$ cat data11.txt   # compact mmCIF, C-alpha atoms
# COMPACT_ATOMS: atom_id res chain seq x y z
CA LEU A 1078 51.05 43.10 93.09
CA LEU A 1079 52.62 42.39 89.71
CA PHE A 1080 53.61 38.96 90.93
CA VAL A 1081 50.03 38.19 92.05
CA VAL A 1082 48.53 39.40 88.75
CA GLY A 1083 51.04 37.34 86.80
CA THR A 1084 50.19 34.25 88.78
CA VAL A 1085 46.44 34.72 88.29
CA SER A 1086 46.89 35.25 84.53
CA CYS A 1087 49.04 32.16 84.19
CA THR A 1088 46.55 30.05 86.15
CA LEU A 1089 43.65 31.27 84.01
CA PHE A 1090 45.59 30.50 80.84
CA LEU A 1091 46.26 26.94 82.01
CA ALA A 1092 42.65 26.46 83.05
CA VAL A 1093 41.33 27.55 79.67
CA ASN A 1094 43.73 25.30 77.78
CA SER A 1095 43.41 22.17 79.90
CA LEU A 1096 39.97 21.13 81.07
CA TYR A 1097 41.35 17.70 81.98
CA SER A 1098 44.61 16.52 83.49
CA ALA A 1099 46.46 13.25 83.96
CA SER A 1100 45.07 12.91 87.48
CA ASP A 1101 41.49 12.64 86.13
CA ASP A 1102 39.84 9.40 85.10
CA VAL A 1103 39.02 11.06 81.77
CA ILE A 1104 41.43 9.84 79.07
CA GLU A 1105 42.79 12.68 76.94
CA LEU A 1106 42.56 11.65 73.27
CA THR A 1107 44.53 13.03 70.30
CA PRO A 1108 45.13 12.03 66.66
CA ALA A 1109 48.26 10.24 67.92
CA ASN A 1110 46.43 7.83 70.22
CA PHE A 1111 42.78 7.85 69.07
CA ASN A 1112 43.04 4.84 66.80
CA LYS A 1113 44.95 2.73 69.30
CA GLU A 1114 42.87 3.73 72.35
CA VAL A 1115 39.37 3.88 70.83
CA ILE A 1116 39.14 2.29 67.37
CA GLN A 1117 41.22 -0.79 68.16
CA SER A 1118 39.63 -1.21 71.58
CA GLU A 1119 37.10 -3.90 72.52
CA SER A 1120 35.68 -1.53 75.16
CA LEU A 1121 32.67 0.75 74.95
CA TRP A 1122 33.78 4.40 74.80
CA LEU A 1123 32.09 7.71 75.57
CA VAL A 1124 34.04 10.54 73.95
CA GLU A 1125 33.49 14.25 74.47
CA PHE A 1126 34.67 16.63 71.75
CA TYR A 1127 35.21 20.02 73.39
CA ALA A 1128 36.82 23.43 73.02
CA PRO A 1129 38.59 24.89 76.08
CA TRP A 1130 37.01 28.33 75.58
CA CYS A 1131 33.46 26.94 75.37
CA GLY A 1132 31.33 27.79 78.43
CA HIS A 1133 29.05 24.73 78.05
CA CYS A 1134 32.17 22.52 77.95
CA GLN A 1135 33.56 24.13 81.10
CA ARG A 1136 30.24 23.51 82.90
CA LEU A 1137 30.18 19.88 81.71
CA THR A 1138 33.77 19.18 82.87
CA PRO A 1139 33.08 18.32 86.56
CA GLU A 1140 30.11 16.09 85.58
CA TRP A 1141 32.18 14.35 82.90
CA LYS A 1142 34.97 13.69 85.43
CA LYS A 1143 32.44 12.32 87.97
CA ALA A 1144 30.96 9.97 85.34
CA ALA A 1145 34.46 8.81 84.32
CA THR A 1146 35.31 7.91 87.93
CA ALA A 1147 32.01 6.05 88.40
CA LEU A 1148 32.46 4.09 85.16
CA LYS A 1149 36.15 3.29 85.70
CA GLY A 1150 36.89 -0.31 84.71
CA VAL A 1151 33.44 -0.63 83.12
CA VAL A 1152 33.21 1.94 80.31
CA LYS A 1153 36.02 4.13 78.96
CA VAL A 1154 35.46 7.88 79.09
CA GLY A 1155 37.59 10.16 76.94
CA ALA A 1156 37.85 13.76 75.75
CA VAL A 1157 39.22 15.38 72.57
CA ASP A 1158 40.28 19.02 72.41
CA ALA A 1159 38.60 19.47 69.02
CA ASP A 1160 39.68 23.09 68.85
CA LYS A 1161 43.30 21.98 68.91
CA HIS A 1162 42.70 18.79 66.88
CA GLN A 1163 40.22 20.05 64.30
CA SER A 1164 40.93 17.23 61.83
CA LEU A 1165 39.80 14.63 64.38
CA GLY A 1166 36.64 16.57 65.18
CA GLY A 1167 35.96 17.06 61.48
CA GLN A 1168 36.11 13.33 60.80
CA TYR A 1169 33.26 12.78 63.22
CA GLY A 1170 31.14 15.68 62.02
CA VAL A 1171 31.62 17.81 65.12
CA ARG A 1172 29.89 21.15 64.44
CA GLY A 1173 29.39 22.48 67.98
CA PHE A 1174 30.72 22.02 71.52
CA PRO A 1175 30.46 19.89 73.48
CA THR A 1176 29.59 16.94 71.21
CA ILE A 1177 29.45 13.51 72.85
CA LYS A 1178 29.76 10.29 70.84
CA ILE A 1179 29.32 6.66 71.90
CA PHE A 1180 31.71 4.18 70.27
CA GLY A 1181 30.15 0.72 70.68
CA ALA A 1182 30.57 -2.61 68.89
CA ASN A 1183 31.09 -1.03 65.49
CA LYS A 1184 33.68 1.68 66.02
CA ASN A 1185 33.08 2.86 62.45
CA LYS A 1186 29.55 3.96 63.38
CA ALA A 1187 29.69 6.17 66.44
CA GLU A 1188 26.30 7.19 67.89
CA ASP A 1189 25.46 10.70 69.04
CA TYR A 1190 24.67 11.07 72.75
CA GLN A 1191 21.49 13.15 73.12
CA GLY A 1192 20.95 12.84 76.90
CA GLY A 1193 21.36 15.20 79.81
CA ARG A 1194 24.62 16.83 80.88
CA THR A 1195 24.66 15.49 84.45
CA SER A 1196 26.89 12.67 85.63
CA ASP A 1197 23.79 10.57 86.46
CA ALA A 1198 22.38 10.92 82.93
CA ILE A 1199 25.77 10.17 81.37
CA VAL A 1200 26.26 7.01 83.49
CA ASP A 1201 22.71 5.79 82.71
CA ALA A 1202 23.31 6.21 78.96
CA ALA A 1203 26.68 4.43 79.19
CA LEU A 1204 25.19 1.43 81.05
CA SER A 1205 22.29 1.24 78.59
CA ALA A 1206 24.72 1.20 75.64
CA LEU A 1207 26.86 -1.38 77.43
CA ARG A 1208 23.81 -3.64 78.00
CA SER A 1209 22.98 -3.44 74.26
CA LEU A 1210 26.56 -4.29 73.29
CA VAL A 1211 26.68 -7.33 75.59
CA LYS A 1212 23.29 -8.61 74.36
CA GLU A 1213 24.44 -8.26 70.74
CA ARG A 1214 27.51 -10.33 71.54
CA LEU A 1215 25.40 -12.92 73.33
CA SER A 1216 23.10 -13.30 70.33
CA GLY A 1217 26.09 -13.55 67.97
CA ARG A 1218 24.90 -10.59 65.92
CA SER A 1219 28.08 -8.63 66.52
CA GLY A 1220 31.62 -9.88 66.50
CA GLY A 1221 33.01 -6.50 67.42
CA TYR A 1222 34.99 -4.23 65.16
CA SER A 1223 38.37 -5.12 63.72
CA SER A 1224 40.75 -2.23 63.59
CA GLY A 1225 41.96 -0.52 60.46
CA ARG A 1226 45.24 -2.39 60.53
CA GLN A 1227 43.60 -5.74 61.23
CA SER A 1228 41.07 -5.27 58.46
CA ARG A 1229 43.88 -4.64 55.99
CA GLU A 1230 45.70 -7.77 57.09
CA SER A 1231 42.64 -9.99 57.44
CA GLY A 1232 41.13 -9.16 54.07
CA GLY A 1233 42.24 -12.45 52.55
CA GLY A 1234 44.37 -12.84 49.50
CA ASP A 1235 43.37 -9.54 47.89
CA LYS A 1236 45.37 -7.48 50.42
CA LYS A 1237 48.23 -9.91 50.97
CA ASP A 1238 50.72 -7.94 48.88
CA VAL A 1239 50.35 -4.59 50.68
CA ILE A 1240 53.20 -4.40 53.20
CA GLU A 1241 52.22 -2.84 56.55
CA LEU A 1242 54.99 -0.58 57.88
CA THR A 1243 55.47 0.96 61.33
CA ASP A 1244 57.77 3.46 63.06
CA ASP A 1245 59.96 0.50 64.02
CA SER A 1246 60.06 -1.35 60.69
CA PHE A 1247 60.10 1.53 58.19
CA ASP A 1248 63.79 2.42 57.99
CA LYS A 1249 65.17 -1.10 57.76
CA ASN A 1250 62.66 -2.01 55.05
CA VAL A 1251 62.51 1.17 52.96
CA ILE A 1252 65.41 3.57 53.46
CA ASN A 1253 68.28 1.23 52.62
CA SER A 1254 66.37 -0.83 50.06
CA ASP A 1255 67.46 -1.16 46.45
CA ASP A 1256 63.80 -1.51 45.54
CA VAL A 1257 61.31 1.28 44.85
CA TRP A 1258 58.61 1.81 47.50
CA MET A 1259 55.23 3.46 47.06
CA VAL A 1260 53.92 4.13 50.58
CA GLU A 1261 50.37 5.13 51.46
CA PHE A 1262 49.94 7.01 54.75
CA TYR A 1263 46.34 6.46 55.88
CA ALA A 1264 43.97 6.92 58.80
CA PRO A 1265 41.45 4.15 59.58
CA TRP A 1266 38.58 6.65 59.89
CA CYS A 1267 39.31 8.37 56.57
CA GLY A 1268 36.68 7.78 53.87
CA HIS A 1269 39.06 8.47 50.97
CA CYS A 1270 41.47 5.89 52.42
CA LYS A 1271 38.71 3.28 52.52
CA ASN A 1272 37.90 4.02 48.87
CA LEU A 1273 41.57 3.69 47.94
CA GLU A 1274 42.12 0.46 49.89
CA PRO A 1275 40.82 -2.08 47.31
CA GLU A 1276 42.55 -0.22 44.45
CA TRP A 1277 45.84 -0.13 46.36
CA ALA A 1278 45.56 -3.83 47.24
CA ALA A 1279 44.80 -4.91 43.66
CA ALA A 1280 47.63 -2.74 42.32
CA ALA A 1281 50.05 -4.21 44.88
CA THR A 1282 49.47 -7.75 43.59
CA GLU A 1283 49.78 -6.75 39.93
CA VAL A 1284 52.90 -4.63 40.51
CA LYS A 1285 54.59 -7.36 42.55
CA GLU A 1286 54.06 -9.80 39.68
CA GLN A 1287 55.07 -7.47 36.84
CA THR A 1288 58.19 -6.08 38.53
CA LYS A 1289 59.18 -9.35 40.27
CA GLY A 1290 58.97 -7.54 43.60
CA LYS A 1291 61.26 -4.67 42.60
CA VAL A 1292 58.49 -2.10 43.21
CA LYS A 1293 56.68 -2.53 46.52
CA LEU A 1294 53.38 -1.05 47.68
CA ALA A 1295 53.09 -0.42 51.41
CA ALA A 1296 50.80 1.25 53.94
CA VAL A 1297 51.40 3.17 57.18
CA ASP A 1298 48.67 3.88 59.73
CA ALA A 1299 49.65 7.49 60.34
CA THR A 1300 47.40 7.81 63.41
CA VAL A 1301 49.47 5.16 65.19
CA ASN A 1302 52.90 5.81 63.67
CA GLN A 1303 53.26 9.45 64.60
CA MET A 1304 57.03 9.56 64.19
CA LEU A 1305 56.76 8.71 60.49
CA ALA A 1306 53.81 11.03 59.96
CA GLY A 1307 55.79 13.88 61.52
CA ARG A 1308 59.02 13.10 59.69
CA TYR A 1309 57.33 13.21 56.29
CA GLY A 1310 54.97 16.09 57.06
CA ILE A 1311 51.74 14.14 56.55
CA ARG A 1312 48.87 16.65 56.71
CA GLY A 1313 46.02 14.84 55.01
CA PHE A 1314 44.91 11.31 54.16
CA PRO A 1315 45.64 9.39 52.12
CA THR A 1316 49.10 10.72 51.25
CA ILE A 1317 51.24 8.57 48.94
CA LYS A 1318 55.00 9.02 48.77
CA ILE A 1319 57.59 7.39 46.53
CA PHE A 1320 60.91 6.29 48.05
CA GLN A 1321 63.96 5.46 45.93
CA LYS A 1322 67.44 4.72 47.22
CA GLY A 1323 69.65 7.80 47.48
CA GLU A 1324 66.82 10.24 46.65
CA ASP A 1325 64.46 12.39 48.68
CA PRO A 1326 60.89 11.02 48.79
CA VAL A 1327 58.46 12.58 46.32
CA ASP A 1328 54.68 12.85 46.44
CA TYR A 1329 52.60 10.69 44.15
CA ASP A 1330 49.94 12.97 42.73
CA GLY A 1331 48.48 10.67 40.07
CA GLY A 1332 45.08 9.03 39.88
CA ARG A 1333 43.71 6.76 42.58
CA THR A 1334 42.57 3.86 40.39
CA ARG A 1335 44.52 0.60 40.25
CA SER A 1336 45.41 1.25 36.58
CA ASP A 1337 46.84 4.70 37.43
CA ILE A 1338 48.86 3.27 40.31
CA ILE A 1339 50.13 0.32 38.25
CA ALA A 1340 51.14 2.60 35.35
CA ARG A 1341 53.22 4.81 37.66
CA ALA A 1342 54.79 1.78 39.36
CA LEU A 1343 55.84 0.32 36.01
CA ASP A 1344 57.36 3.67 34.98
CA LEU A 1345 59.34 3.69 38.21
CA PHE A 1346 60.41 0.11 37.57
CA SER A 1347 61.69 0.82 34.06
CA ASP A 1348 63.49 3.95 35.29
CA ASN A 1349 65.32 1.88 37.88
CA ALA A 1350 65.67 -1.39 35.99
CA PRO A 1351 69.12 -2.44 34.80
CA PRO A 1352 69.60 -2.30 31.02
CA PRO A 1353 68.66 -5.46 29.17
CA GLU A 1354 71.32 -8.08 28.61
CA LEU A 1355 73.35 -7.94 25.40
CA LEU A 1356 73.60 -11.56 24.24
CA GLU A 1357 75.76 -13.21 21.61
CA ILE A 1358 73.83 -15.43 19.18
CA ILE A 1359 75.53 -18.73 19.88
CA SER A 1360 72.43 -20.91 19.48
CA GLU A 1361 68.95 -20.93 17.98
CA ASP A 1362 67.42 -20.84 21.46
CA ILE A 1363 69.03 -17.49 22.30
CA LEU A 1364 67.72 -15.86 19.12
CA LYS A 1365 64.21 -17.29 19.40
CA SER A 1366 63.71 -16.70 23.14
CA THR A 1367 64.97 -13.12 22.94
CA CYS A 1368 63.04 -12.12 19.84
CA ASP A 1369 59.82 -13.88 20.86
CA ALA A 1370 59.82 -12.26 24.30
CA HIS A 1371 60.21 -8.66 23.11
CA GLN A 1372 58.40 -6.31 20.77
CA LEU A 1373 61.63 -5.74 18.85
CA CYS A 1374 65.01 -7.41 18.94
CA ILE A 1375 68.00 -5.34 17.89
CA ILE A 1376 70.58 -7.53 16.11
CA SER A 1377 74.08 -6.30 15.35
CA VAL A 1378 76.53 -8.09 13.06
CA LEU A 1379 80.02 -7.02 14.11
CA PRO A 1380 83.19 -7.32 12.01
CA HIS A 1381 85.31 -10.47 12.30
CA ILE A 1382 87.59 -10.44 15.33
CA LEU A 1383 90.67 -10.43 13.04
CA ASP A 1384 89.47 -7.13 11.56
CA THR A 1385 88.96 -5.30 14.86
CA GLY A 1386 90.76 -7.12 17.65
CA ALA A 1387 89.28 -7.26 21.16
CA SER A 1388 89.46 -3.49 21.76
CA GLY A 1389 87.65 -2.68 18.53
CA ARG A 1390 84.92 -5.22 19.21
CA ASN A 1391 84.47 -3.98 22.77
CA SER A 1392 84.03 -0.42 21.55
CA TYR A 1393 81.14 -1.59 19.31
CA LEU A 1394 79.62 -3.56 22.20
CA ASP A 1395 79.91 -0.46 24.43
CA VAL A 1396 77.91 1.56 21.89
CA MET A 1397 75.20 -1.12 21.94
CA LEU A 1398 75.15 -1.22 25.74
CA LYS A 1399 74.70 2.56 25.91
CA MET A 1400 71.80 2.35 23.48
CA ALA A 1401 70.27 -0.54 25.44
CA GLU A 1402 70.41 1.65 28.56
CA LYS A 1403 68.93 4.66 26.74
CA TYR A 1404 66.02 2.64 25.34
CA LYS A 1405 65.51 0.26 28.27
CA LYS A 1406 61.94 1.49 28.82
CA LYS A 1407 61.06 0.00 25.46
CA MET A 1408 61.84 -3.48 26.79
CA TRP A 1409 63.59 -4.53 23.56
CA GLY A 1410 65.93 -7.50 23.22
CA TRP A 1411 69.59 -6.96 22.24
CA LEU A 1412 71.72 -9.47 20.32
CA TRP A 1413 74.97 -9.60 18.38
CA THR A 1414 76.93 -12.00 16.22
CA GLU A 1415 80.22 -12.01 14.34
CA ALA A 1416 80.32 -11.53 10.57
CA GLY A 1417 80.12 -14.90 8.86
CA ALA A 1418 79.10 -16.85 11.97
CA GLN A 1419 75.39 -16.77 11.06
CA SER A 1420 75.51 -16.17 7.31
CA ASP A 1421 71.92 -17.43 6.73
CA LEU A 1422 70.61 -14.92 9.27
CA GLU A 1423 72.61 -12.13 7.60
CA SER A 1424 71.11 -13.00 4.21
CA SER A 1425 67.55 -13.06 5.59
CA LEU A 1426 68.09 -9.54 6.98
CA GLY A 1427 69.68 -8.19 3.80
CA ILE A 1428 73.08 -7.74 5.40
CA GLY A 1429 75.08 -10.57 3.87
CA GLY A 1430 78.78 -10.39 3.24
CA PHE A 1431 79.75 -6.73 3.44
CA GLY A 1432 79.29 -3.42 5.28
CA TYR A 1433 80.13 -4.39 8.86
CA PRO A 1434 79.20 -3.46 11.50
CA ALA A 1435 75.52 -3.66 10.60
CA MET A 1436 72.30 -3.49 12.62
CA ALA A 1437 68.74 -4.69 12.07
CA ALA A 1438 65.65 -4.23 14.22
CA VAL A 1439 63.35 -7.25 13.91
CA ASN A 1440 59.69 -7.64 14.83
CA ALA A 1441 59.45 -11.42 15.27
CA ARG A 1442 55.65 -11.44 15.40
CA LYS A 1443 55.31 -9.72 12.04
CA MET A 1444 58.60 -11.10 10.68
CA LYS A 1445 59.60 -7.67 9.45
CA PHE A 1446 62.85 -5.81 9.91
CA ALA A 1447 64.42 -2.39 9.43
CA LEU A 1448 68.09 -1.78 8.67
CA LEU A 1449 70.39 0.86 10.13
CA LYS A 1450 71.27 3.15 7.21
CA GLY A 1451 73.40 5.64 9.15
CA SER A 1452 76.66 5.18 11.02
CA PHE A 1453 77.18 2.52 13.68
CA SER A 1454 77.68 5.17 16.38
CA GLU A 1455 75.68 6.51 19.32
CA GLN A 1456 74.28 9.30 17.17
CA GLY A 1457 73.53 7.12 14.14
CA ILE A 1458 71.91 4.31 16.15
CA ASN A 1459 69.97 6.78 18.30
CA GLU A 1460 68.41 8.37 15.20
CA PHE A 1461 67.57 4.92 13.82
CA LEU A 1462 65.92 3.73 17.05
CA ARG A 1463 64.12 7.02 17.62
CA GLU A 1464 62.48 6.72 14.20
CA LEU A 1465 61.46 3.15 14.98
CA SER A 1466 60.02 4.10 18.38
CA VAL A 1467 57.60 6.56 16.77
CA GLY A 1468 56.60 4.12 14.06
CA ARG A 1469 58.63 5.56 11.20
CA GLY A 1470 61.32 4.01 9.05
CA SER A 1471 61.07 1.61 6.14
CA THR A 1472 60.66 -2.09 6.85
CA ALA A 1473 60.99 -5.26 4.78
CA PRO A 1474 59.87 -8.86 5.33
CA VAL A 1475 62.42 -11.25 6.78
CA GLY A 1476 63.75 -13.43 3.93
CA GLY A 1477 61.82 -16.68 3.78
CA GLY A 1478 59.17 -15.38 6.20
CA ALA A 1479 60.89 -16.95 9.21
CA PHE A 1480 64.22 -17.02 10.96
CA PRO A 1481 66.66 -19.31 9.12
CA LYS A 1482 68.66 -22.11 10.74
CA ILE A 1483 70.98 -20.79 13.43
CA HIS A 1484 74.34 -22.51 13.87
CA SER A 1485 75.62 -23.34 17.34
CA VAL A 1486 78.97 -21.60 17.81
CA GLU A 1487 81.44 -21.14 20.63
CA PRO A 1488 80.99 -17.84 22.48
CA TRP A 1489 83.64 -15.18 22.04
CA ASP A 1490 86.37 -15.59 24.66
CA GLY A 1491 87.05 -11.86 24.87
CA LYS A 1492 90.48 -12.16 23.29
CA ASP A 1493 92.06 -10.98 20.06
CA GLY A 1494 91.63 -13.47 17.23
CA GLU A 1495 94.41 -15.69 15.96
CA LEU A 1496 95.11 -16.65 12.37
CA PRO A 1497 94.63 -20.36 11.71
CA VAL A 1498 97.87 -22.37 11.94
CA GLU A 1499 98.98 -23.54 8.45
CA ASP A 1500 100.51 -26.97 7.97
CA ASP A 1501 104.30 -26.78 7.41
CA ILE A 1502 105.31 -28.31 4.04
CA ASP A 1503 108.68 -30.00 3.91
CA LEU A 1504 110.22 -29.05 0.56
CA SER A 1505 113.60 -30.76 1.15
CA ASP A 1506 112.79 -33.78 -0.99
CA VAL A 1507 111.38 -31.90 -3.94
CA ASP A 1508 113.69 -31.53 -6.93
CA LEU A 1509 112.81 -28.17 -8.27
CA ASP A 1510 114.75 -28.73 -11.46
CA ASP A 1511 112.83 -31.92 -12.19
CA LEU A 1512 109.58 -30.16 -11.44
CA GLY A 1513 110.41 -27.56 -13.98
CA LYS A 1514 111.36 -30.14 -16.59
CA ASP A 1515 108.09 -32.06 -16.13
CA GLU A 1516 106.13 -28.92 -16.67
CA LEU A 1517 107.95 -28.26 -19.85
$ encode --input "data11.txt" --output "structure tokens"
Amino acid sequence: LLFVVGTVSCTLFLAVNSLYSASDDVIELTPANFNKEVIQSESLWLVEFYAPWCGHCQRLTPEWKKAATALKGVVKVGAVDADKHQSLGGQYGVRGFPTIKIFGANKNKAEDYQGGRTSDAIVDAALSALRSLVKERLSGRSGGYSSGRQSRESGGGDKKDVIELTDDSFDKNVINSDDVWMVEFYAPWCGHCKNLEPEWAAAATEVKEQTKGKVKLAAVDATVNQMLAGRYGIRGFPTIKIFQKGEDPVDYDGGRTRSDIIARALDLFSDNAPPPELLEIISEDILKSTCDAHQLCIISVLPHILDTGASGRNSYLDVMLKMAEKYKKKMWGWLWTEAGAQSDLESSLGIGGFGYPAMAAVNARKMKFALLKGSFSEQGINEFLRELSVGRGSTAPVGGGAFPKIHSVEPWDGKDGELPVEDDIDLSDVDLDDLGKDEL
């Protein structure tokens, strides 16, 4: 008796939770396959949104199956367990069960089915909708609906810089990349995603240009790429995640305008960018190009190589490199020269002839500079640059109102300096006694 009761209970449980099976001509639809099966399809679809516990749904089931068999190969008939997949039902405004929708030429605008609940009435409505769809195509009024993915790719130049990713392409593109990725997980039916789409596309183009492709904006259709959606716990749309090499992905929770997205992308770029180059001033071009291209250029005048040797000079250069790394977000230029090599430049910056190493921060647009007053050390330079970055610190005009002539010099070879070789004087023929007499 227990065995019989158990069997009956199990059968009832299965019946309540599965109104349709694989042997039916009704296609079971879920968030995982809805976009691919329905939205991207050229076919006309009738879709029932049901709940397994709903008595009206249970009574409709045999009629729905009969209609599906009759329409096989002509019109697609599907069913969504909207109790189990509430998000999918919610997107189509399902408030009661069963709700039947007709997905015709424009899959974005599903029509409500208001007819009878018999297989005859359902088939009649399907054939009527099919006739309308075919006539629209014949008259050229409807070209059919392009899927979410296609619309993103076919939107012309404005969407060309958003990279579409899939379950298959994601890892090889993103996970091992040295670049930063901002990835939008979207659903084609999601209104918020559609609002974001033009902002995301415009930001992608701007970010690609400003970061030279080092920050990439991408998109994943999460209704099709279920593996990715599951791996990253995507629960709502759109969800934007930031991927950086060697780090766990983080959620982007900023604004949804292109300016918000661009600002965050540029922050990510500067965080991950290498420090600026530290260049020796060996020509006028290096000074001008560096100072003209940056808000400030930081110029150090290091002691002569004979005063420090290679190790001493390298220790000063290391301090500058650390500061360049620390302040890389500022996008400043960094330069150095040896004492005496560019004496006109030293004079114009009030350095001239003593007190090495020295440092000046120059604003080439305003032709003003500020001098490091503290020690040439990480702490001293940090305090100097911190004051500058908040707009404090005393400045003076560059002498002459412009950069002076810059001499072309050979770059430092990285070695210790050598004293100049003096000419040997042969004193063997000089009569020192005679020399003394002449002087007397």
$ closest_residue --input "data11.txt" --among "A:Ala1147, A:Val1257, A:Val1154, A:Ala1441" --to "Asp1197 in chain A" --atoms "only C-alpha atoms"
A:Ala1147
$ atom_distance --input "data11.txt" --atom1 "CA of Lys1184 in chain A" --atom2 "CA of Ala1279 in chain A"
25.8 Å
$ closest_residue --input "data11.txt" --among "A:Ala1299, A:Asp1256, A:Lys1289, A:Asn1440" --to "Glu1241 in chain A" --atoms "all atoms listed in the file"
A:Ala1299
$ atom_distance --input "data11.txt" --atom1 "CA of Asp1493 in chain A" --atom2 "CA of Thr1385 in chain A"
8.3 Å
$ axis_aligned_box --input "data11.txt" --around "range 1404-1423 of chain A" --padding-each-side "5 Å" --output "AutoDock Vina command-line options"
--center_x 70.7 --center_y -7.4 --center_z 17.8 --size_x 29.3 --size_y 30.1 --size_z 32.1
$ atom_distance --input "data11.txt" --atom1 "CA of Ala1437 in chain A" --atom2 "CA of Ile1483 in chain A"
16.3 Å
$ closest_residue --input "data11.txt" --among "A:Thr1138, A:Ser1100, A:Gln1117, A:Gln1456" --to "Ser1196 in chain A" --atoms "all atoms listed in the file"
A:Thr1138
$ closest_residue --input "data11.txt" --among "A:Val1292, A:Lys1149, A:Arg1312, A:Ser1095" --to "Gln1163 in chain A" --atoms "all atoms listed in the file"
A:Arg1312
$ closest_residue --input "data11.txt" --among "A:Ile1382, A:Leu1345, A:Leu1106, A:Val1251" --to "Pro1434 in chain A" --atoms "all atoms listed in the file"
A:Ile1382
$ residues_around --input "data11.txt" --residues "Ile1458 in chain A" --least-positions-apart "5" --cutoff "8 Å" --atoms "all atoms listed in the file" --output "JSON list (two decimals) with C-alpha atoms, in the frame of the given file"
[["chain", "number", "residue", "atom", "x", "y", "z"],
["A", 1400, "MET", "CA", 71.80, 2.35, 23.48],
["A", 1449, "LEU", "CA", 70.39, 0.86, 10.13],
["A", 1451, "GLY", "CA", 73.40, 5.64, 9.15],
["A", 1452, "SER", "CA", 76.66, 5.18, 11.02],
["A", 1453, "PHE", "CA", 77.18, 2.52, 13.68]]
$ residues_around --input "data11.txt" --residues "range 1346-1354 of chain A" --least-positions-apart "5" --cutoff "12 Å" --atoms "only C-alpha atoms" --output "JSON, numbers by chain"
{"A": [1255, 1256, 1257, 1258, 1259, 1284, 1285, 1286, 1287, 1288, 1289, 1290, 1291, 1292, 1293, 1319, 1320, 1321, 1322, 1339, 1340, 1341, 1363, 1367, 1371, 1374, 1375, 1394, 1397, 1398, 1399, 1400, 1401, 1402, 1403, 1404, 1405, 1406, 1407, 1408, 1409, 1410, 1411, 1412, 1413]}
$ write_last_selection --input "data11.txt" --atoms "C-alpha atoms" --output "tab-separated table (two decimals), in the frame of the given file"
chain	number	residue	atom	x	y	z
A	1255	ASP	CA	67.46	-1.16	46.45
A	1256	ASP	CA	63.80	-1.51	45.54
A	1257	VAL	CA	61.31	1.28	44.85
A	1258	TRP	CA	58.61	1.81	47.50
A	1259	MET	CA	55.23	3.46	47.06
A	1284	VAL	CA	52.90	-4.63	40.51
A	1285	LYS	CA	54.59	-7.36	42.55
A	1286	GLU	CA	54.06	-9.80	39.68
A	1287	GLN	CA	55.07	-7.47	36.84
A	1288	THR	CA	58.19	-6.08	38.53
A	1289	LYS	CA	59.18	-9.35	40.27
A	1290	GLY	CA	58.97	-7.54	43.60
A	1291	LYS	CA	61.26	-4.67	42.60
A	1292	VAL	CA	58.49	-2.10	43.21
A	1293	LYS	CA	56.68	-2.53	46.52
A	1319	ILE	CA	57.59	7.39	46.53
A	1320	PHE	CA	60.91	6.29	48.05
A	1321	GLN	CA	63.96	5.46	45.93
A	1322	LYS	CA	67.44	4.72	47.22
A	1339	ILE	CA	50.13	0.32	38.25
A	1340	ALA	CA	51.14	2.60	35.35
A	1341	ARG	CA	53.22	4.81	37.66
A	1363	ILE	CA	69.03	-17.49	22.30
A	1367	THR	CA	64.97	-13.12	22.94
A	1371	HIS	CA	60.21	-8.66	23.11
A	1374	CYS	CA	65.01	-7.41	18.94
A	1375	ILE	CA	68.00	-5.34	17.89
A	1394	LEU	CA	79.62	-3.56	22.20
A	1397	MET	CA	75.20	-1.12	21.94
A	1398	LEU	CA	75.15	-1.22	25.74
A	1399	LYS	CA	74.70	2.56	25.91
A	1400	MET	CA	71.80	2.35	23.48
A	1401	ALA	CA	70.27	-0.54	25.44
A	1402	GLU	CA	70.41	1.65	28.56
A	1403	LYS	CA	68.93	4.66	26.74
A	1404	TYR	CA	66.02	2.64	25.34
A	1405	LYS	CA	65.51	0.26	28.27
A	1406	LYS	CA	61.94	1.49	28.82
A	1407	LYS	CA	61.06	0.00	25.46
A	1408	MET	CA	61.84	-3.48	26.79
A	1409	TRP	CA	63.59	-4.53	23.56
A	1410	GLY	CA	65.93	-7.50	23.22
A	1411	TRP	CA	69.59	-6.96	22.24
A	1412	LEU	CA	71.72	-9.47	20.32
A	1413	TRP	CA	74.97	-9.60	18.38
$ residues_near_point --input "data11.txt" --point "(38.6, 18.5, 75.6)" --cutoff "10 Å" --atoms "only C-alpha atoms" --output "MDAnalysis selection string"
chainID A and resid 1094:1097 1103:1107 1124:1131 1134:1135 1138 1155:1162 1174:1175
$ closest_residue --input "data11.txt" --among "A:Asn1391, A:Leu1496, A:Ala1280, A:Val1297" --to "Ser1336 in chain A" --atoms "all atoms listed in the file"
A:Ala1280
$ residues_around --input "data11.txt" --residues "Leu1305 in chain A" --least-positions-apart "2" --cutoff "10 Å" --atoms "all atoms listed in the file" --output "PyMOL selection string"
chain A and resi 1242-1245+1247-1248+1262+1297-1303+1307-1311
